Structure formats: C-alpha cells, structure tokens
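Engineer: Just my_file.txt, nothing more (compact mmCIF, C-alpha atoms):
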```txt
# COMPACT_ATOMS: atom_id res chain seq x y z
CA MET A 1 33.04 164.33 107.71
CA ASN A 2 29.64 164.54 106.06
CA GLN A 3 29.87 166.42 102.74
CA ALA A 4 26.80 168.54 103.59
CA GLN A 5 28.15 169.49 107.03
CA ALA A 6 29.92 172.86 107.18
CA PRO A 7 33.45 172.87 108.58
CA GLU A 8 33.93 173.98 112.16
CA VAL A 9 33.66 177.73 112.58
CA TRP A 10 37.40 178.35 112.95
CA MET A 11 37.93 176.73 109.53
CA ARG A 12 35.51 179.13 107.81
CA GLY A 13 37.85 182.12 107.96
CA PRO A 14 37.64 185.50 109.66
CA VAL A 15 34.24 186.70 110.83
CA ALA A 16 33.45 190.18 109.52
CA GLY A 17 32.93 192.95 112.05
CA TYR A 18 35.31 191.68 114.73
CA ALA A 19 38.89 192.72 115.52
CA ALA A 20 41.54 190.30 114.29
CA GLU A 21 42.76 189.80 117.86
CA LEU A 22 39.30 188.58 118.88
CA GLN A 23 38.73 186.12 116.03
CA PRO A 24 39.62 183.03 118.14
CA VAL A 25 37.11 184.11 120.81
CA VAL A 26 34.44 184.78 118.17
CA HIS A 27 35.11 181.45 116.46
CA ALA A 28 34.80 179.59 119.76
CA LEU A 29 31.52 181.28 120.70
CA LEU A 30 30.01 180.70 117.26
CA GLN A 31 31.04 177.04 117.51
CA VAL A 32 29.41 176.84 120.94
CA ARG A 33 26.24 178.36 119.48
CA ASP A 34 26.18 175.77 116.68
CA GLU A 35 26.75 172.87 119.09
CA VAL A 36 24.20 174.07 121.64
CA GLU A 37 21.55 174.33 118.93
CA GLN A 38 22.47 170.90 117.58
CA HIS A 39 22.38 169.09 120.91
CA ALA A 40 19.63 170.94 122.79
CA ALA A 41 17.05 171.79 120.13
CA SER A 42 14.92 168.65 120.38
CA LEU A 43 15.13 167.81 124.08
CA THR A 44 12.10 166.96 126.15
CA THR A 45 11.60 168.65 129.52
CA GLU A 46 12.58 165.39 131.21
CA GLN A 47 15.81 165.17 129.20
CA LEU A 48 16.60 168.84 129.85
CA TRP A 49 16.46 168.44 133.62
CA ALA A 50 17.70 164.83 133.97
CA ARG A 51 20.75 164.40 136.20
CA PRO A 52 22.32 161.08 135.19
CA ALA A 53 24.59 159.74 137.94
CA GLU A 54 23.87 163.00 139.83
CA THR A 55 25.72 165.09 137.23
CA ALA A 56 24.54 168.55 136.22
CA SER A 57 21.51 168.70 133.95
CA ILE A 58 21.59 170.05 130.40
CA GLY A 59 19.26 172.79 131.65
CA PHE A 60 21.90 173.85 134.17
CA HIS A 61 24.63 173.87 131.50
CA LEU A 62 22.49 176.00 129.17
CA ARG A 63 21.65 178.50 131.90
CA HIS A 64 25.19 178.55 133.29
CA LEU A 65 26.64 179.07 129.83
CA ALA A 66 24.54 182.23 129.40
CA GLY A 67 25.01 183.39 132.98
CA SER A 68 28.77 182.87 133.07
CA LEU A 69 29.18 184.72 129.75
CA ASP A 70 27.17 187.60 131.18
CA ARG A 71 29.21 187.71 134.39
CA LEU A 72 32.62 187.38 132.73
CA LEU A 73 31.81 190.02 130.13
CA THR A 74 30.56 192.33 132.89
CA TYR A 75 34.01 192.04 134.48
CA ALA A 76 35.60 192.62 131.05
CA ARG A 77 33.73 195.95 130.87
CA GLY A 78 35.21 196.81 134.27
CA GLU A 79 31.84 196.69 136.03
CA PRO A 80 30.81 194.94 139.25
CA LEU A 81 28.19 192.21 139.21
CA THR A 82 24.63 193.21 140.06
CA ALA A 83 22.25 191.65 142.56
CA ASP A 84 20.30 190.20 139.61
CA GLN A 85 23.45 188.48 138.32
CA PHE A 86 24.09 186.92 141.72
CA GLU A 87 20.46 185.74 141.86
CA THR A 88 20.79 184.22 138.38
CA LEU A 89 23.92 182.37 139.52
CA ARG A 90 22.11 181.08 142.60
CA THR A 91 19.21 179.64 140.57
CA GLU A 92 20.94 178.26 137.45
CA ALA A 93 20.44 174.61 138.44
CA ASP A 94 16.82 175.00 139.60
CA PRO A 95 14.36 173.75 136.96
CA GLY A 96 11.54 175.74 138.58
CA MET A 97 7.93 174.73 139.22
CA PRO A 98 6.76 173.85 136.70
CA ALA A 99 10.10 173.02 135.12
CA ALA A 100 11.28 175.52 132.54
CA SER A 101 10.71 174.34 128.98
CA PRO A 102 13.52 173.28 126.67
CA ALA A 103 12.61 176.05 124.22
CA SER A 104 12.80 178.77 126.89
CA VAL A 105 16.11 177.57 128.31
CA LEU A 106 17.67 177.13 124.85
CA SER A 107 16.46 180.61 123.88
CA LEU A 108 18.03 182.06 127.03
CA SER A 109 21.35 180.37 126.24
CA LEU A 110 21.43 181.46 122.60
CA ALA A 111 20.51 185.03 123.57
CA GLY A 112 23.39 185.04 126.06
CA ILE A 113 25.81 183.94 123.36
CA ASP A 114 24.45 186.59 120.99
CA ARG A 115 24.89 189.33 123.63
CA ALA A 116 28.48 188.20 124.15
CA LEU A 117 29.09 188.36 120.40
CA ASP A 118 27.59 191.87 120.31
CA GLN A 119 29.97 192.97 123.07
CA LEU A 120 32.92 191.44 121.22
CA ARG A 121 31.92 193.30 118.05
CA ALA A 122 32.03 196.57 120.02
CA THR A 123 35.31 195.78 121.81
CA ASP A 124 38.21 198.00 120.80
CA ALA A 125 41.35 195.86 120.44
CA SER A 126 43.40 198.55 122.20
CA THR A 127 41.54 197.71 125.44
CA LEU A 128 42.58 194.03 125.44
CA PRO A 129 45.68 194.43 127.66
CA GLN A 130 43.84 196.58 130.21
CA ALA A 131 43.81 195.23 133.75
CA ARG A 132 40.60 193.89 135.26
CA LEU A 133 39.68 192.38 138.63
CA VAL A 134 37.47 189.30 138.94
CA GLY A 135 35.21 188.19 141.75
CA ARG A 136 34.97 189.09 145.39
CA ALA A 137 38.62 188.10 145.80
CA ARG A 138 39.47 190.57 142.99
CA TYR A 139 41.80 188.28 141.07
CA PRO A 140 43.88 190.20 138.53
CA THR A 141 43.50 189.54 134.82
CA THR A 142 43.07 191.49 131.58
CA VAL A 143 40.20 192.18 129.22
CA LEU A 144 41.66 189.61 126.80
CA GLY A 145 42.07 187.07 129.60
CA LEU A 146 38.40 187.43 130.52
CA LEU A 147 37.20 187.20 126.92
CA PHE A 148 39.34 184.14 126.23
CA HIS A 149 38.19 182.46 129.43
CA ALA A 150 34.54 183.25 128.64
CA ALA A 151 34.83 181.43 125.31
CA GLU A 152 36.82 178.55 126.79
CA HIS A 153 34.34 178.15 129.66
CA ALA A 154 31.39 178.20 127.25
CA SER A 155 33.12 175.52 125.16
CA ARG A 156 33.41 173.27 128.22
CA HIS A 157 29.69 173.52 128.88
CA ALA A 158 28.84 172.88 125.22
CA GLY A 159 30.85 169.67 125.52
CA GLN A 160 28.98 168.71 128.69
CA ILE A 161 25.68 169.32 126.89
CA ALA A 162 26.73 167.06 124.00
CA THR A 163 27.89 164.32 126.37
CA THR A 164 24.87 164.46 128.65
CA ARG A 165 22.59 164.45 125.61
CA LYS A 166 24.01 161.05 124.65
CA VAL A 167 23.21 159.67 128.08
CA VAL A 168 19.66 161.04 128.36
CA SER A 169 18.59 160.16 124.81
CA PRO A 170 15.71 157.65 124.65
CA GLY A 171 16.77 154.03 124.86
CA ARG A 172 20.37 154.92 125.61
CA THR A 173 22.28 153.57 128.55
CA PRO A 174 25.66 155.02 129.49
CA GLU A 175 27.20 151.81 128.14
CA ALA A 176 25.44 152.24 124.78
CA ALA A 177 26.26 155.95 124.61
CA PHE A 178 29.93 155.33 125.34
CA PRO A 179 30.89 151.80 124.23
CA SER A 180 34.05 150.31 125.66
CA PRO A 181 36.98 150.23 123.22
CA MET A 182 37.89 146.75 124.47
```
Kindly transcribe the structure held in the file into structure tokens.
Structural biologist:
Amino acid sequence: MNQAQAPEVWMRGPVAGYAAELQPVVHALLQVRDEVEQHAASLTTEQLWARPAETASIGFHLRHLAGSLDRLLTYARGEPLTADQFETLRTEADPGMPAASPASVLSLSLAGIDRALDQLRATDASTLPQARLVGRARYPTTVLGLLFHAAEHASRHAGQIATTRKVVSPGRTPEAAFPSPM
C-alpha cells in the first residue's frame, strides 16, 4: 500500500454521528464515495457512456448507484416509491441528447450517497428491526436489511465502475487491462 494513501474507511475507526449498529453501512458507503470519486472524476463523455462488450456504462452505474440508494432508503423509511423515482429508474441507462456530462453524473451520484449518509445519521437504532416491505411484490425485510443491502448494492456498482474504467481508459484493451495470469 502506498504510504500516502489512507487506509480503507472501515480501518479508520468509528465515524462520529452514526449509531454503532450502522457503522458497517456508513463505512461501506464512505468507501463507495471514495472509489467513485477516484474512478469517475476524470472521465470523458465518451468513456462515461461507453458500453464495452455491451456491458453497462459507467454513467449507468453512477446513476443507478444514486437511484437505488434513494429507492432502498425510501423503503427503509416505510414509504412507497413515487412516480419520479420510477421515472428515474426507467432512464438510468439513457445518456440523453446531448449526453450528460461526466461532472453532472458524478455530482448526482455523490449527492445520492451524501443523502443516504444523512438519512443514516438520523436513523434511530431502535428502528432497525422494524419490518418493511419492498417492491410491488412487497417482499418482507427489516430497516437494517434494507440499509445493509443499500450499502452492499452500492459497493457492487462501485466495483463495476472501477472495472469498466480500466477497459475504457485510453489505449487500453481488455487484454491489457486484465492480463492473463498464465
């Protein structure tokens, strides 16, 4: 590890202002925030919306990360999704015309993470075991289950952003980005 590089968020200790029970969720979201900034800050518009091998674009992952956090935390509050949230879900992969800029999509993603962190700060630990229903099928879960899944889901998309960034970087082929161990 580089001496100047800070340790991963979970290794930095408790984050002030959050319930002890929520520290793993907070750590995961702060790590996602760090990684998203690291891997998406200097993208071009072409890199942001590239779909190598027909995979999802980094732009989609950034938008979906923010949108899924918003939707999952809405369920955690015990509220139904709004028409605007369904519309956001429907358009997450669409770059728009003209294509949305890297700065605007990154800003949207970081703001979504920050709103999730604000909600976590305000979450009373005594509500964590409360039952919640998710989606049109109304799957049963708990507040804690939703918060944990929100952080885990965001982590998956941060990983996809990091991986796709390697593939869409200038002069990189998939073979160069991921050399064979043999």
Engineer: Return the single residue from A:Pro80, A:Ser68, A:Glu87, A:Ala150 that is closest to Arg138 (chain A), with distances computed using all atoms listed in the file.
Structural biologist: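 Selected residue with least distance to Arg138 (chain A): A:Pro80.
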Engineer: Taking all atoms listed in the file into account, which of A:Pro98, A:Pro129, A:Gly67, A:Pro170 comes nearest His153 (chain A)?
Structural biologist: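 Selected residue with least distance to His153 (chain A): A:Gly67.
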Engineer: Per residue of region 111-147 of chain A within 12 Å of region 26-44 of chain A, which atom pair is closest and at what distance in Å (one decimal), using only C-alpha atoms, listed by chain and increasing number, as a Markdown table?
Structural biologist:
```
| residue | atom | partner | partner_atom | distance |
| --- | --- | --- | --- | --- |
| A:Ala111 | CA | A:Arg33 | CA | 9.7 |
| A:Gly112 | CA | A:Arg33 | CA | 9.8 |
| A:Ile113 | CA | A:Arg33 | CA | 6.8 |
| A:Asp114 | CA | A:Arg33 | CA | 8.6 |
| A:Arg115 | CA | A:Leu29 | CA | 10.8 |
| A:Ala116 | CA | A:Leu29 | CA | 8.3 |
| A:Leu117 | CA | A:Val26 | CA | 6.8 |
| A:Asp118 | CA | A:Val26 | CA | 10.1 |
| A:Gln119 | CA | A:Val26 | CA | 10.5 |
| A:Leu120 | CA | A:Val26 | CA | 7.5 |
| A:Arg121 | CA | A:Val26 | CA | 8.9 |
| A:Thr123 | CA | A:Val26 | CA | 11.6 |
| A:Leu147 | CA | A:Val26 | CA | 9.5 |
```
Engineer: CA of Trp10 (chain A) and CA of Gln23 (chain A), how far apart in Å?
Structural biologist: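 Distance between the two atoms: 8.5 Å.
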Engineer: Excluding Thr45 (chain A) and its own-chain neighbours fewer than 5 positions away, which residues fall within 10 Å of it when counting only C-alpha atoms? Please give them as a PyMOL selection string.
Structural biologist: chain A and resi 50+59+95+99-103
Engineer: Calculated over only C-alpha atoms, which of the candidates A:Glu54, A:Glu46, A:Asp124, A:Asp84 has the smallest distance to Ser169 (chain A)?
Structural biologist: A:Glu46
Engineer: Rounded to one decimal in Å, what is the spacing between CA of Ser107 (chain A) and CA of Gln85 (chain A)?
Structural biologist: 17.9 Å
Engineer: For a test of reading the model, state the distance in Å between CA of Arg51 (chain A) and CA of Ala93 (chain A), rounded to one decimal.
Structural biologist: 10.5 Å
Engineer: I want to know what sits within 12 Å of Gly145 (chain A), based on all atoms listed in the file, with residues of the same chain fewer than 3 positions away left out; could you give that as a list in words?
Structural biologist: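 Residues near the query, excluding close chain neighbours: Leu22, Val25, Leu72, Leu73, Tyr75, Ala76, Thr127, Leu128, Pro129, Gln130, Ala131, Arg132, Leu133, Val134, Tyr139, Pro140, Thr141, Thr142, Phe148, His149, Ala150, Ala151, Glu152 and His153 of chain A.
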Engineer: With only C-alpha atoms as the basis for distance, which of A:Leu81, A:Thr91, A:Arg165, A:Arg63 is at the shortest distance from Ser104 (chain A)?
Structural biologist: A:Arg63
Engineer: May I ask which of the residues A:Ala66, A:Gly135, A:Phe60, A:Thr55 is the closest one to Gly96 (chain A), counting all atoms listed in the file?
Structural biologist: A:Phe60
Engineer: Considering only C-alpha atoms, can you say which of A:Lys166, A:His64, A:Arg12, A:His157 comes closest to Leu108 (chain A)?
Structural biologist: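 Looking only at the distances to Leu108 (chain A), the closest residue turns out to be A:His64.
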